[in-house]
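Each remark here refers to the structure printed beneath this line.
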Amino acid sequence: MSRLILSLLLTMAAALPVRAADLPDQITTYQLDNGMDVVVIEDHRAPVAVHMVWYRAGSADEPRGHSGVAHFLEHLLFKGTKTMEPGEFSKVVAANGGTDNAFTSTDYTGYYQRVAVDRLDLMMKMEADRMVNLLLTEDDIATERDVIIEERNSRVENDPGSLFGEQRMAALYMNHPYGTPIIGWRHEMEQLQRADALAYYKQFYAPNNAILIVAGDVEPEAVLDMAKAHYGPLPANPALEPRNRAQEPRQLAERRLVYRDPRVAQPYVIRSYLAPERDAGAQEKAAALTLLAELLGGGQTSVLSTKLQFDTQTAVYTSVFYDDTALDDTSLNMIVVPAEGVTLEEAEAAMDKAVAEFMTDGVDAAALERIKFQIKASQIYERDNVQSLARKYGNALTAGLTVQDVQDWPEVLQAVTAEDIMAAAREVFDRRQSVTGYLMDEEAAPVAGQEVSQ
């Protein structure tokens with residue numbers, strides 16, 4: 001059956017349009033005199049454009065003790081400037097038929113608008129304005145601080161899985177700021193002040209720390225002219241420092257945690273390993289880990305799904321996920337949701353047994369080819385969404401990769417061998433640099449040899 005499926009997939013691959021499969025993204029790059037990078041992604045199928053400004057600053061760049069300030073500032077940037085009233089930015093975007101939003105992660109903060117092409121100049125004018133002219137009152141601070149605390153209440157405090165995830169990440173990263181939640185620890189969020197937000201703003205919101213990405217029905221030279229007009233006059237920050245973060249010490253001990261909460265409806269076990277990220281010009285190991293995650297837990301034909309969900313019926317859900325795009329060491333994670341009547345200890349043992357058998361048996365060649373095809377197809381279909389394309393490049397560039405790295409990535413993935421995957425697995429599957437966590441309700445049976453935290 002697997003040979004038949006592979007044959008059908010390869011036949012489909014041959015039928016895919018050559019243009020979509022073989023041509024690179026139409027990318028043009030520039031750098032303004034003030035250090036701002038400009039990336040233009042051409043897609044002339046519809047008269048729309050996505051305008052994004054990405055800052056190389058996220059929650060992992062916050063000063064110790066001020067967690068949440070990156071996300072807090074993201075909210076505050078929708079307040080007023082010297083030329084715009086609070087809330088006016090989004091109102092102007094909507095009045096011009098567009099949409100806008102923003103996002104914060106560990107390594108970046110981004111702002112975007114999706115508009116008709118003839119509104120692009122206006123978007124640049126407004127975004128350049130709030131890069132340097134933000135005005136914040138104490139009322140703005142108090143109001144928006146309440147907003148982000150309520151956001152934490154709804155997204156984290158009211159979700160035992162999110163609380164559990166925070167504890168797990170804090171255990172995985174003993175020293176690196178990736179162990180601090182993006183939204184911030186509540187007790188530190190409650191103390192955020194106007195001076196904290198402005199200090200972060202003045203340090204990181206500068207053209208030489210920003211990437212402008214414009215994707216859609218645009219001409220590169222026209223985008224460059226607009227960028228020079230609006231962003232070009234903004235002063236660089238000469239005091240901008242390299243992103244030298246606190247790094248992890250050598251991890252010598254496996255960590256385990258149990259989180260109990262009466263609101264838990266479905267218990268599960270998850271193990272997280274420290275894992276290397278994609279590095280500029282050296283993406284091979286990350287590519288091997290990407291394929292390892294797919295082989296082990298990428299779908300119903302993966303190792304964990306086959307052995308735990310179908311063969312032994314010890315699980316109702318399994319997954320393995322690896323976040324390749326990060327500035328510093330990232331993680332590879334395995335999760336198992338046990339079937340009814342199966343304990344978390346039994347689910348963990350079944351997971352370990354399946355992984356051990358994989359390490360002994362090695363990579364199934366047909367499965368590897370099938371996954372490579374699926375990845376290639378998804379990369380082709382991804383081009384249908386200019387916003388997804390823009391985010392792909394922004395995510396990579398703020399994590400220290402280059403445009404060339406992004407364009408090379410599909411070929412790097414296709415070149416991965418079974419030996420590469422097994423070598424990566426042997427390196428990462430070191431229990432001394434892992435955290436195993438149990439999420440369960442208060443009524444569940446005690447976990448042997450484990451203390452309980454809540």
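Please note that chains go A, B, ... in the order of the structure tokens, that every chain numbers its residues from 1, and that ligands are numbered from 1 in the order shown.
Within the 10 Å cut-off around Gln309 (chain A), using only C-alpha atoms and omitting residues fewer than 3 positions from it on the same chain, the listed residues are Gln300, Val303, Leu304, Ser305, Thr306, Thr312, Gln313, Thr314, Ala315, Val316, Tyr317, Thr318, Val336, Val337, Pro338 and Ala339 of chain A.
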For Lys125 (chain A): contacts at 7 Å, only C-alpha atoms, fewer than 4 positions along chain excluded, given as a PDB file with N, CA, C and O atoms, in the first residue's frame:
```pdb
ATOM      1  N   ASP A 121       1.611  54.138  -0.348  1.00  0.00           N
ATOM      2  CA  ASP A 121       2.356  55.326   0.065  1.00  0.00           C
ATOM      3  C   ASP A 121       1.835  55.865   1.397  1.00  0.00           C
ATOM      4  O   ASP A 121       2.617  56.241   2.283  1.00  0.00           O
ATOM      5  N   ASP A 129       5.852  57.387  10.676  1.00  0.00           N
ATOM      6  CA  ASP A 129       5.519  58.360  11.718  1.00  0.00           C
ATOM      7  C   ASP A 129       5.566  57.722  13.093  1.00  0.00           C
ATOM      8  O   ASP A 129       6.162  58.259  14.036  1.00  0.00           O
ATOM      9  N   HIS A 230       9.777  58.109   2.841  1.00  0.00           N
ATOM     10  CA  HIS A 230       9.156  58.079   4.166  1.00  0.00           C
ATOM     11  C   HIS A 230      10.073  57.547   5.268  1.00  0.00           C
ATOM     12  O   HIS A 230      10.114  58.103   6.367  1.00  0.00           O
TER      13      HIS A 230
END
```
Per residue of region 246-305 of chain A within 12 Å of region 343-349 of chain A, record the nearest atom pair and its distance in Å to one decimal, counting only C-alpha atoms, with rows in chain order and ascending residue number, as CSV.
```
residue,atom,partner,partner_atom,distance
A:Val258,CA,A:Leu344,CA,10.6
A:Gln266,CA,A:Leu344,CA,10.9
A:Pro267,CA,A:Leu344,CA,7.6
A:Tyr268,CA,A:Leu344,CA,6.6
A:Val269,CA,A:Leu344,CA,6.2
A:Ile270,CA,A:Glu348,CA,8.3
A:Arg271,CA,A:Glu348,CA,8.9
A:Leu304,CA,A:Ala347,CA,11.0
```
Find the distance between CA of Ala287 (chain A) and CA of Val416 (chain A) and write it in Å to one decimal. 6.9 Å
Option closest in space to Trp185 (chain A), from A:Thr402, A:Thr417, A:Asn244, A:Gln167 [counting only C-alpha atoms]: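 Residue with the minimum atom-to-atom distance to Trp185 (chain A): A:Gln167.
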